[in-house]
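**Q** Below is one structure. I have some questions about it.
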Amino acid sequence: MTNELKDAVRERCRKMEIPLVGVANVERWEHPPFRPWMPEEFFPQSIFSGARSVIVIGLPIHLPVLETSPSIYYHELYRTVNTLLDQYTYRLASFLNEQGYPSVFVPRDGYGSIEVLRKNPIAFFSHRHAALLAGLGTFGVNNTILTPEYGPRIRFGSVLTAAPLPPDPMIDHELCTRCMRCVRLCPAGALDREGYPEGLTNRHACAAHSAALNKRHISPCGICIKVCPVGEDREHYGREDASPYEPGEQHGKLCRSWDHVRRYGGA
Ligand code: SF4
Ligand code: SF4
């Protein structure tokens, strides 16, 4: 029955054009793949007692839009993807409730504003760790989850459910090439060369940079996911060459289109 239920969940995702779906059982939080790990109160079974599985969905950030960041274009895409993730995970939880399995969605962004994030830069649940445990990707030096399909240009949403769904295998090799492009090009100097979990993003520096962009209506920053060479989406969009992202290389038709977008819609 749970295999059939998982197939039904996947089919619903397919109909909603959700390209990435993975399942983790909650025991994976108790036996983490590395340490230090999160405190127990962040585990899905602590947040929603009765949870036995976590379904994680991923929606891509379209690279050509992200390339214009910081811009109103990426700002709006980010908001749209977050809204869709909240709606899709809510609908999946509702479907599972109808099937008799108590389920809840977890909101995409568990903080009230960037100012709140500056004071307390941690959410009550980590979609990144859920995506790792659901087999969708691995951590990169930029502290995000890299996926084979989209690199780090993907946002995740999660459903906590009492359904005992078969878990997906985790990815057993690192996807990050440790090219250090993200570290070098981060405008806030917030990234550490060590990579996760030894090197943690300086969340205060990152949030301060985001807050400054937010005042101009062009947050988030997104540079560390834009410049990452990992992901089949680079080939799809004909963007294997990342040299235009380098300072001093801002020339050509591509860069003129980014400059055009940046001139409008933000302060
Ligand atoms: S979002 Fe921007 S400021 Fe934050 S870590 Fe990434 S590149 Fe640095
Ligand atoms: S830009 Fe390079 S170092 Fe940074 S996450 Fe991507 S592959 Fe890893």
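Chain lettering (A, B, ...) mirrors the order of the structure tokens, residue numbering begins at 1 for each chain separately, and ligand numbering begins at 1 in order of display.
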Got a sec to check which residues lie within 7 Å of ligand 1, using only C-alpha atoms and all ligand atoms, and send them as a CSV table (one decimal) with C-alpha atoms, in the first residue's frame?
**A**
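What landed in out06.csv:
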chain,number,residue,atom,x,y,z
A,142,ASN,CA,28.2,27.5,-0.7
A,182,CYS,CA,31.1,30.9,-4.9
A,185,LEU,CA,32.5,36.0,-5.8
A,186,CYS,CA,30.4,36.4,-2.7
A,187,PRO,CA,30.1,40.2,-2.3
A,188,ALA,CA,29.8,39.9,1.5
A,189,GLY,CA,32.7,37.6,2.1
A,190,ALA,CA,30.3,35.3,3.9
A,191,LEU,CA,31.5,31.9,2.6
A,201,THR,CA,28.1,30.6,5.9
A,205,ALA,CA,27.0,38.9,6.8
A,206,CYS,CA,24.8,37.3,4.2
A,207,ALA,CA,21.5,38.6,5.8
A,209,HIS,CA,23.8,42.1,2.4
A,210,SER,CA,20.3,40.8,1.6
A,220,PRO,CA,17.9,38.1,-2.6
A,221,CYS,CA,21.5,38.1,-3.7
A,222,GLY,CA,21.8,34.7,-5.3
A,223,ILE,CA,25.4,35.1,-6.5
A,224,CYS,CA,26.6,31.9,-4.9
A,225,ILE,CA,24.0,29.8,-6.7
**Q** All residues within 9 Å of ligand 2 are required, counting only C-alpha atoms and all ligand atoms; please report them as a PDB file with N, CA, C and O atoms, in the first residue's frame.
**A**
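Listing of part-v1.pdb after writing:
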ATOM      1  N   PHE A 139      25.507  18.734  -0.089  1.00  0.00           N
ATOM      2  CA  PHE A 139      25.913  20.090   0.267  1.00  0.00           C
ATOM      3  C   PHE A 139      27.123  20.544  -0.551  1.00  0.00           C
ATOM      4  O   PHE A 139      28.045  19.752  -0.816  1.00  0.00           O
ATOM      5  N   GLY A 140      27.122  21.813  -0.931  1.00  0.00           N
ATOM      6  CA  GLY A 140      28.274  22.417  -1.583  1.00  0.00           C
ATOM      7  C   GLY A 140      28.985  23.353  -0.622  1.00  0.00           C
ATOM      8  O   GLY A 140      28.476  23.643   0.476  1.00  0.00           O
ATOM      9  N   VAL A 141      30.144  23.850  -1.054  1.00  0.00           N
ATOM     10  CA  VAL A 141      30.890  24.829  -0.254  1.00  0.00           C
ATOM     11  C   VAL A 141      30.016  26.061   0.036  1.00  0.00           C
ATOM     12  O   VAL A 141      30.158  26.701   1.069  1.00  0.00           O
ATOM     13  N   ASN A 142      29.082  26.360  -0.869  1.00  0.00           N
ATOM     14  CA  ASN A 142      28.207  27.523  -0.653  1.00  0.00           C
ATOM     15  C   ASN A 142      27.095  27.246   0.361  1.00  0.00           C
ATOM     16  O   ASN A 142      26.190  28.064   0.523  1.00  0.00           O
ATOM     17  N   ASN A 143      27.133  26.086   1.011  1.00  0.00           N
ATOM     18  CA  ASN A 143      26.168  25.712   2.065  1.00  0.00           C
ATOM     19  C   ASN A 143      24.754  25.483   1.532  1.00  0.00           C
ATOM     20  O   ASN A 143      23.806  25.437   2.307  1.00  0.00           O
ATOM     21  N   THR A 144      24.588  25.377   0.232  1.00  0.00           N
ATOM     22  CA  THR A 144      23.278  25.017  -0.309  1.00  0.00           C
ATOM     23  C   THR A 144      23.348  23.564  -0.778  1.00  0.00           C
ATOM     24  O   THR A 144      24.439  22.969  -0.833  1.00  0.00           O
ATOM     25  N   ILE A 145      22.196  23.019  -1.146  1.00  0.00           N
ATOM     26  CA  ILE A 145      22.172  21.670  -1.711  1.00  0.00           C
ATOM     27  C   ILE A 145      22.358  21.767  -3.222  1.00  0.00           C
ATOM     28  O   ILE A 145      21.620  22.500  -3.905  1.00  0.00           O
ATOM     29  N   LEU A 146      23.339  21.043  -3.738  1.00  0.00           N
ATOM     30  CA  LEU A 146      23.555  20.964  -5.182  1.00  0.00           C
ATOM     31  C   LEU A 146      22.854  19.709  -5.689  1.00  0.00           C
ATOM     32  O   LEU A 146      22.954  18.643  -5.086  1.00  0.00           O
ATOM     33  N   GLY A 151      22.084  21.975 -10.198  1.00  0.00           N
ATOM     34  CA  GLY A 151      23.077  22.497  -9.260  1.00  0.00           C
ATOM     35  C   GLY A 151      22.363  23.047  -8.035  1.00  0.00           C
ATOM     36  O   GLY A 151      21.410  22.413  -7.535  1.00  0.00           O
ATOM     37  N   PRO A 152      22.782  24.246  -7.551  1.00  0.00           N
ATOM     38  CA  PRO A 152      22.087  24.832  -6.397  1.00  0.00           C
ATOM     39  C   PRO A 152      20.891  25.704  -6.792  1.00  0.00           C
ATOM     40  O   PRO A 152      20.289  26.347  -5.931  1.00  0.00           O
ATOM     41  N   LEU A 175      28.813  16.338  -5.100  1.00  0.00           N
ATOM     42  CA  LEU A 175      28.580  17.001  -6.390  1.00  0.00           C
ATOM     43  C   LEU A 175      29.402  18.290  -6.511  1.00  0.00           C
ATOM     44  O   LEU A 175      29.694  18.746  -7.614  1.00  0.00           O
ATOM     45  N   CYS A 176      29.766  18.865  -5.374  1.00  0.00           N
ATOM     46  CA  CYS A 176      30.558  20.111  -5.375  1.00  0.00           C
ATOM     47  C   CYS A 176      31.963  19.814  -5.905  1.00  0.00           C
ATOM     48  O   CYS A 176      32.621  18.884  -5.450  1.00  0.00           O
ATOM     49  N   THR A 177      32.418  20.613  -6.866  1.00  0.00           N
ATOM     50  CA  THR A 177      33.753  20.411  -7.443  1.00  0.00           C
ATOM     51  C   THR A 177      34.823  21.177  -6.656  1.00  0.00           C
ATOM     52  O   THR A 177      36.002  21.115  -7.006  1.00  0.00           O
ATOM     53  N   ARG A 178      34.411  21.940  -5.645  1.00  0.00           N
ATOM     54  CA  ARG A 178      35.309  22.763  -4.828  1.00  0.00           C
ATOM     55  C   ARG A 178      36.117  23.742  -5.694  1.00  0.00           C
ATOM     56  O   ARG A 178      37.302  23.980  -5.468  1.00  0.00           O
ATOM     57  N   CYS A 179      35.413  24.304  -6.686  1.00  0.00           N
ATOM     58  CA  CYS A 179      36.072  25.279  -7.567  1.00  0.00           C
ATOM     59  C   CYS A 179      36.302  26.614  -6.848  1.00  0.00           C
ATOM     60  O   CYS A 179      37.096  27.431  -7.301  1.00  0.00           O
ATOM     61  N   MET A 180      35.554  26.859  -5.787  1.00  0.00           N
ATOM     62  CA  MET A 180      35.670  28.052  -4.936  1.00  0.00           C
ATOM     63  C   MET A 180      35.179  29.333  -5.619  1.00  0.00           C
ATOM     64  O   MET A 180      35.415  30.434  -5.140  1.00  0.00           O
ATOM     65  N   ARG A 181      34.481  29.157  -6.742  1.00  0.00           N
ATOM     66  CA  ARG A 181      33.947  30.341  -7.418  1.00  0.00           C
ATOM     67  C   ARG A 181      32.952  31.076  -6.511  1.00  0.00           C
ATOM     68  O   ARG A 181      32.920  32.306  -6.465  1.00  0.00           O
ATOM     69  N   CYS A 182      32.137  30.302  -5.782  1.00  0.00           N
ATOM     70  CA  CYS A 182      31.139  30.923  -4.893  1.00  0.00           C
ATOM     71  C   CYS A 182      31.827  31.723  -3.791  1.00  0.00           C
ATOM     72  O   CYS A 182      31.391  32.826  -3.447  1.00  0.00           O
ATOM     73  N   VAL A 183      32.923  31.172  -3.254  1.00  0.00           N
ATOM     74  CA  VAL A 183      33.646  31.849  -2.164  1.00  0.00           C
ATOM     75  C   VAL A 183      34.252  33.155  -2.684  1.00  0.00           C
ATOM     76  O   VAL A 183      34.140  34.211  -2.072  1.00  0.00           O
ATOM     77  N   ARG A 184      34.852  33.049  -3.860  1.00  0.00           N
ATOM     78  CA  ARG A 184      35.570  34.191  -4.432  1.00  0.00           C
ATOM     79  C   ARG A 184      34.625  35.334  -4.806  1.00  0.00           C
ATOM     80  O   ARG A 184      34.966  36.503  -4.652  1.00  0.00           O
ATOM     81  N   ARG A 193      35.999  28.519   2.778  1.00  0.00           N
ATOM     82  CA  ARG A 193      36.519  27.532   1.820  1.00  0.00           C
ATOM     83  C   ARG A 193      36.367  26.094   2.289  1.00  0.00           C
ATOM     84  O   ARG A 193      36.461  25.163   1.498  1.00  0.00           O
ATOM     85  N   GLY A 195      33.749  24.455   3.399  1.00  0.00           N
ATOM     86  CA  GLY A 195      32.542  23.756   2.980  1.00  0.00           C
ATOM     87  C   GLY A 195      31.794  23.165   4.151  1.00  0.00           C
ATOM     88  O   GLY A 195      32.331  23.020   5.243  1.00  0.00           O
ATOM     89  N   CYS A 224      25.985  33.206  -5.151  1.00  0.00           N
ATOM     90  CA  CYS A 224      26.650  31.914  -4.919  1.00  0.00           C
ATOM     91  C   CYS A 224      25.929  30.754  -5.583  1.00  0.00           C
ATOM     92  O   CYS A 224      26.519  29.681  -5.759  1.00  0.00           O
ATOM     93  N   ILE A 225      24.674  30.921  -5.972  1.00  0.00           N
ATOM     94  CA  ILE A 225      24.017  29.840  -6.730  1.00  0.00           C
ATOM     95  C   ILE A 225      24.093  30.120  -8.239  1.00  0.00           C
ATOM     96  O   ILE A 225      24.110  29.211  -9.044  1.00  0.00           O
ATOM     97  N   LYS A 226      24.187  31.399  -8.590  1.00  0.00           N
ATOM     98  CA  LYS A 226      24.314  31.757 -10.016  1.00  0.00           C
ATOM     99  C   LYS A 226      25.619  31.245 -10.608  1.00  0.00           C
ATOM    100  O   LYS A 226      25.643  30.690 -11.707  1.00  0.00           O
ATOM    101  N   VAL A 227      26.717  31.405  -9.882  1.00  0.00           N
ATOM    102  CA  VAL A 227      28.044  31.149 -10.473  1.00  0.00           C
ATOM    103  C   VAL A 227      28.469  29.684 -10.386  1.00  0.00           C
ATOM    104  O   VAL A 227      29.489  29.307 -10.965  1.00  0.00           O
ATOM    105  N   CYS A 228      27.716  28.856  -9.683  1.00  0.00           N
ATOM    106  CA  CYS A 228      28.122  27.456  -9.483  1.00  0.00           C
ATOM    107  C   CYS A 228      28.077  26.688 -10.813  1.00  0.00           C
ATOM    108  O   CYS A 228      27.064  26.726 -11.524  1.00  0.00           O
ATOM    109  N   PRO A 229      29.178  25.973 -11.158  1.00  0.00           N
ATOM    110  CA  PRO A 229      29.229  25.268 -12.443  1.00  0.00           C
ATOM    111  C   PRO A 229      28.439  23.958 -12.474  1.00  0.00           C
ATOM    112  O   PRO A 229      28.251  23.379 -13.542  1.00  0.00           O
ATOM    113  N   VAL A 230      27.967  23.497 -11.327  1.00  0.00           N
ATOM    114  CA  VAL A 230      27.276  22.203 -11.265  1.00  0.00           C
ATOM    115  C   VAL A 230      25.841  22.354 -11.765  1.00  0.00           C
ATOM    116  O   VAL A 230      25.184  23.353 -11.459  1.00  0.00           O
TER     117      VAL A 230
END
**Q** List every residue of stretch 10-252 of chain A that DSSP, applied to the backbone of this structure, places in strand (DSSP E), and write the result as JSON, numbers by chain.
**A** {"A": [20, 21, 22, 23, 24, 25, 53, 54, 55, 56, 57, 58, 59, 60, 103, 104, 105, 106, 138, 139, 145, 146, 154, 155, 156, 157, 158, 159, 160, 161]}
**Q** Since we have the selection now, will you write its residues out, keeping C-alpha atoms, as a tab-separated table (two decimals), in the first residue's frame?
**A**
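Done, and the output landed in out_18.tsv:
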chain	number	residue	atom	x	y	z
A	20	LEU	CA	12.27	16.78	-8.26
A	21	VAL	CA	10.63	14.64	-5.57
A	22	GLY	CA	12.33	12.61	-2.85
A	23	VAL	CA	11.33	10.80	0.33
A	24	ALA	CA	13.25	10.36	3.59
A	25	ASN	CA	12.14	8.38	6.62
A	53	SER	CA	8.31	10.29	6.40
A	54	VAL	CA	9.25	13.60	4.83
A	55	ILE	CA	8.43	14.27	1.19
A	56	VAL	CA	10.65	16.95	-0.36
A	57	ILE	CA	9.85	18.64	-3.65
A	58	GLY	CA	12.15	20.90	-5.67
A	59	LEU	CA	11.33	23.66	-8.15
A	60	PRO	CA	14.13	25.12	-10.29
A	103	SER	CA	0.15	15.24	7.21
A	104	VAL	CA	1.25	18.87	7.27
A	105	PHE	CA	3.21	21.15	4.96
A	106	VAL	CA	6.17	23.22	6.16
A	138	THR	CA	24.55	17.04	-1.53
A	139	PHE	CA	25.91	20.09	0.27
A	145	ILE	CA	22.17	21.67	-1.71
A	146	LEU	CA	23.55	20.96	-5.18
A	154	ILE	CA	16.58	24.83	-6.90
A	155	ARG	CA	14.28	25.61	-3.99
A	156	PHE	CA	12.75	22.97	-1.78
A	157	GLY	CA	9.49	22.50	0.10
A	158	SER	CA	8.60	19.71	2.53
A	159	VAL	CA	5.62	17.67	3.71
A	160	LEU	CA	5.72	15.85	7.06
A	161	THR	CA	3.49	12.79	6.98
**Q** Would you please give, as number ranges by chain, all residues of stretch 72-155 of chain A that DSSP assigns to alpha helix (DSSP H) based on the backbone?
**A** A: 72-98, 114-119, 127-133
**Q** Write out, as a short mmCIF file (atom, residue, chain, number, x, y, z; two decimals), in the first residue's frame, the residues just selected, with N, CA and C atoms.
**A**
data_model
loop_
_atom_site.label_atom_id
_atom_site.label_comp_id
_atom_site.auth_asym_id
_atom_site.auth_seq_id
_atom_site.Cartn_x
_atom_site.Cartn_y
_atom_site.Cartn_z
N ILE A 72 14.95 43.12 -9.96
CA ILE A 72 13.53 42.88 -9.69
C ILE A 72 13.08 41.57 -10.35
N TYR A 73 13.74 41.20 -11.42
CA TYR A 73 13.37 39.98 -12.18
C TYR A 73 13.58 38.75 -11.30
N TYR A 74 14.76 38.63 -10.71
CA TYR A 74 15.03 37.49 -9.84
C TYR A 74 14.21 37.60 -8.56
N HIS A 75 14.04 38.82 -8.05
CA HIS A 75 13.22 39.04 -6.84
C HIS A 75 11.83 38.44 -7.05
N GLU A 76 11.23 38.70 -8.20
CA GLU A 76 9.87 38.21 -8.45
C GLU A 76 9.86 36.71 -8.69
N LEU A 77 10.86 36.19 -9.37
CA LEU A 77 10.93 34.73 -9.59
C LEU A 77 11.02 34.00 -8.26
N TYR A 78 11.85 34.53 -7.38
CA TYR A 78 12.06 33.93 -6.06
C TYR A 78 10.73 33.87 -5.30
N ARG A 79 9.99 34.97 -5.33
CA ARG A 79 8.70 35.00 -4.64
C ARG A 79 7.72 34.02 -5.27
N THR A 80 7.72 33.95 -6.59
CA THR A 80 6.80 33.06 -7.29
C THR A 80 7.08 31.60 -6.93
N VAL A 81 8.36 31.22 -6.96
CA VAL A 81 8.72 29.84 -6.67
C VAL A 81 8.37 29.49 -5.21
N ASN A 82 8.61 30.44 -4.30
CA ASN A 82 8.25 30.19 -2.90
C ASN A 82 6.75 29.98 -2.74
N THR A 83 5.97 30.80 -3.43
CA THR A 83 4.51 30.68 -3.35
C THR A 83 4.05 29.33 -3.89
N LEU A 84 4.62 28.93 -5.04
CA LEU A 84 4.25 27.64 -5.62
C LEU A 84 4.62 26.49 -4.68
N LEU A 85 5.80 26.57 -4.07
CA LEU A 85 6.22 25.50 -3.16
C LEU A 85 5.24 25.39 -2.00
N ASP A 86 4.83 26.52 -1.44
CA ASP A 86 3.86 26.48 -0.34
C ASP A 86 2.54 25.88 -0.80
N GLN A 87 2.10 26.26 -1.99
CA GLN A 87 0.82 25.74 -2.48
C GLN A 87 0.91 24.25 -2.79
N TYR A 88 1.99 23.83 -3.43
CA TYR A 88 2.11 22.41 -3.80
C TYR A 88 2.25 21.52 -2.57
N THR A 89 3.07 21.95 -1.60
CA THR A 89 3.24 21.11 -0.41
C THR A 89 1.94 21.08 0.41
N TYR A 90 1.22 22.19 0.42
CA TYR A 90 -0.08 22.20 1.11
C TYR A 90 -1.04 21.21 0.44
N ARG A 91 -1.04 21.22 -0.89
CA ARG A 91 -1.94 20.31 -1.62
C ARG A 91 -1.54 18.86 -1.43
N LEU A 92 -0.25 18.58 -1.42
CA LEU A 92 0.19 17.19 -1.19
C LEU A 92 -0.20 16.73 0.21
N ALA A 93 -0.03 17.60 1.20
CA ALA A 93 -0.43 17.24 2.57
C ALA A 93 -1.94 17.00 2.63
N SER A 94 -2.71 17.81 1.92
CA SER A 94 -4.16 17.62 1.90
C SER A 94 -4.52 16.29 1.27
N PHE A 95 -3.83 15.93 0.19
CA PHE A 95 -4.08 14.64 -0.47
C PHE A 95 -3.81 13.49 0.50
N LEU A 96 -2.69 13.56 1.20
CA LEU A 96 -2.34 12.48 2.14
C LEU A 96 -3.32 12.43 3.31
N ASN A 97 -3.79 13.59 3.75
CA ASN A 97 -4.82 13.59 4.80
C ASN A 97 -6.08 12.88 4.32
N GLU A 98 -6.46 13.13 3.07
CA GLU A 98 -7.64 12.47 2.50
C GLU A 98 -7.46 10.96 2.43
N ILE A 114 13.48 39.99 6.65
CA ILE A 114 14.95 39.92 6.65
C ILE A 114 15.49 40.50 7.95
N GLU A 115 14.79 41.48 8.52
CA GLU A 115 15.26 42.07 9.79
C GLU A 115 15.21 41.01 10.90
N VAL A 116 14.17 40.19 10.90
CA VAL A 116 14.08 39.10 11.88
C VAL A 116 15.24 38.14 11.65
N LEU A 117 15.49 37.85 10.38
CA LEU A 117 16.56 36.91 10.02
C LEU A 117 17.93 37.43 10.46
N ARG A 118 18.10 38.73 10.43
CA ARG A 118 19.40 39.31 10.86
C ARG A 118 19.63 39.04 12.34
N LYS A 119 18.54 39.07 13.12
CA LYS A 119 18.69 38.85 14.57
C LYS A 119 18.77 37.35 14.89
N HIS A 127 14.80 22.77 5.14
CA HIS A 127 14.47 22.06 3.89
C HIS A 127 15.75 21.52 3.23
N ARG A 128 16.87 22.22 3.46
CA ARG A 128 18.13 21.74 2.84
C ARG A 128 18.51 20.37 3.37
N HIS A 129 18.46 20.22 4.68
CA HIS A 129 18.82 18.92 5.25
C HIS A 129 17.80 17.85 4.84
N ALA A 130 16.53 18.25 4.74
CA ALA A 130 15.51 17.29 4.31
C ALA A 130 15.80 16.84 2.87
N ALA A 131 16.20 17.78 2.01
CA ALA A 131 16.50 17.42 0.61
C ALA A 131 17.70 16.48 0.53
N LEU A 132 18.71 16.74 1.38
CA LEU A 132 19.87 15.84 1.43
C LEU A 132 19.42 14.43 1.81
N LEU A 133 18.62 14.33 2.87
CA LEU A 133 18.22 13.02 3.38
C LEU A 133 17.22 12.33 2.45
#
**Q** So how far away is atom CA of A:Ala123 from atom CA of A:Gly110, in Å?
**A**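 One can read the atom CA of A:Gly110 to atom CA of A:Ala123 distance as 5.2 Å.
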**Q** Using only C-alpha atoms, can you tell me which of A:Asp259, A:Asn120, A:Gly266, A:Ile61 comes closest to A:His204?
**A**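 Once distances to A:His204 are computed over only C-alpha atoms, the minimum belongs to A:Asn120.
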**Q** Counting only C-alpha atoms, figure out which residue out of A:Gly137, A:Pro247, A:Lys215, A:His62 gets nearest to A:Asp172.
**A** A:Gly137
**Q** Nearest to A:Asp7 among A:Gly135, A:Pro44, A:Pro166, A:Pro32, with distances taken over only C-alpha atoms: which residue is it?
**A**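 With only C-alpha atoms as the atom set, the closest residue is A:Pro166.
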**Q** Hey, can you check how far atom CA of A:Phe43 sits from atom CA of A:Pro107?
**A**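 Going from atom CA of A:Phe43 over to atom CA of A:Pro107, I get 15.2 Å.
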**Q** What is the atom CA of A:Ser71 to atom CA of A:Ala212 distance in Å?
**A** 12.8 Å
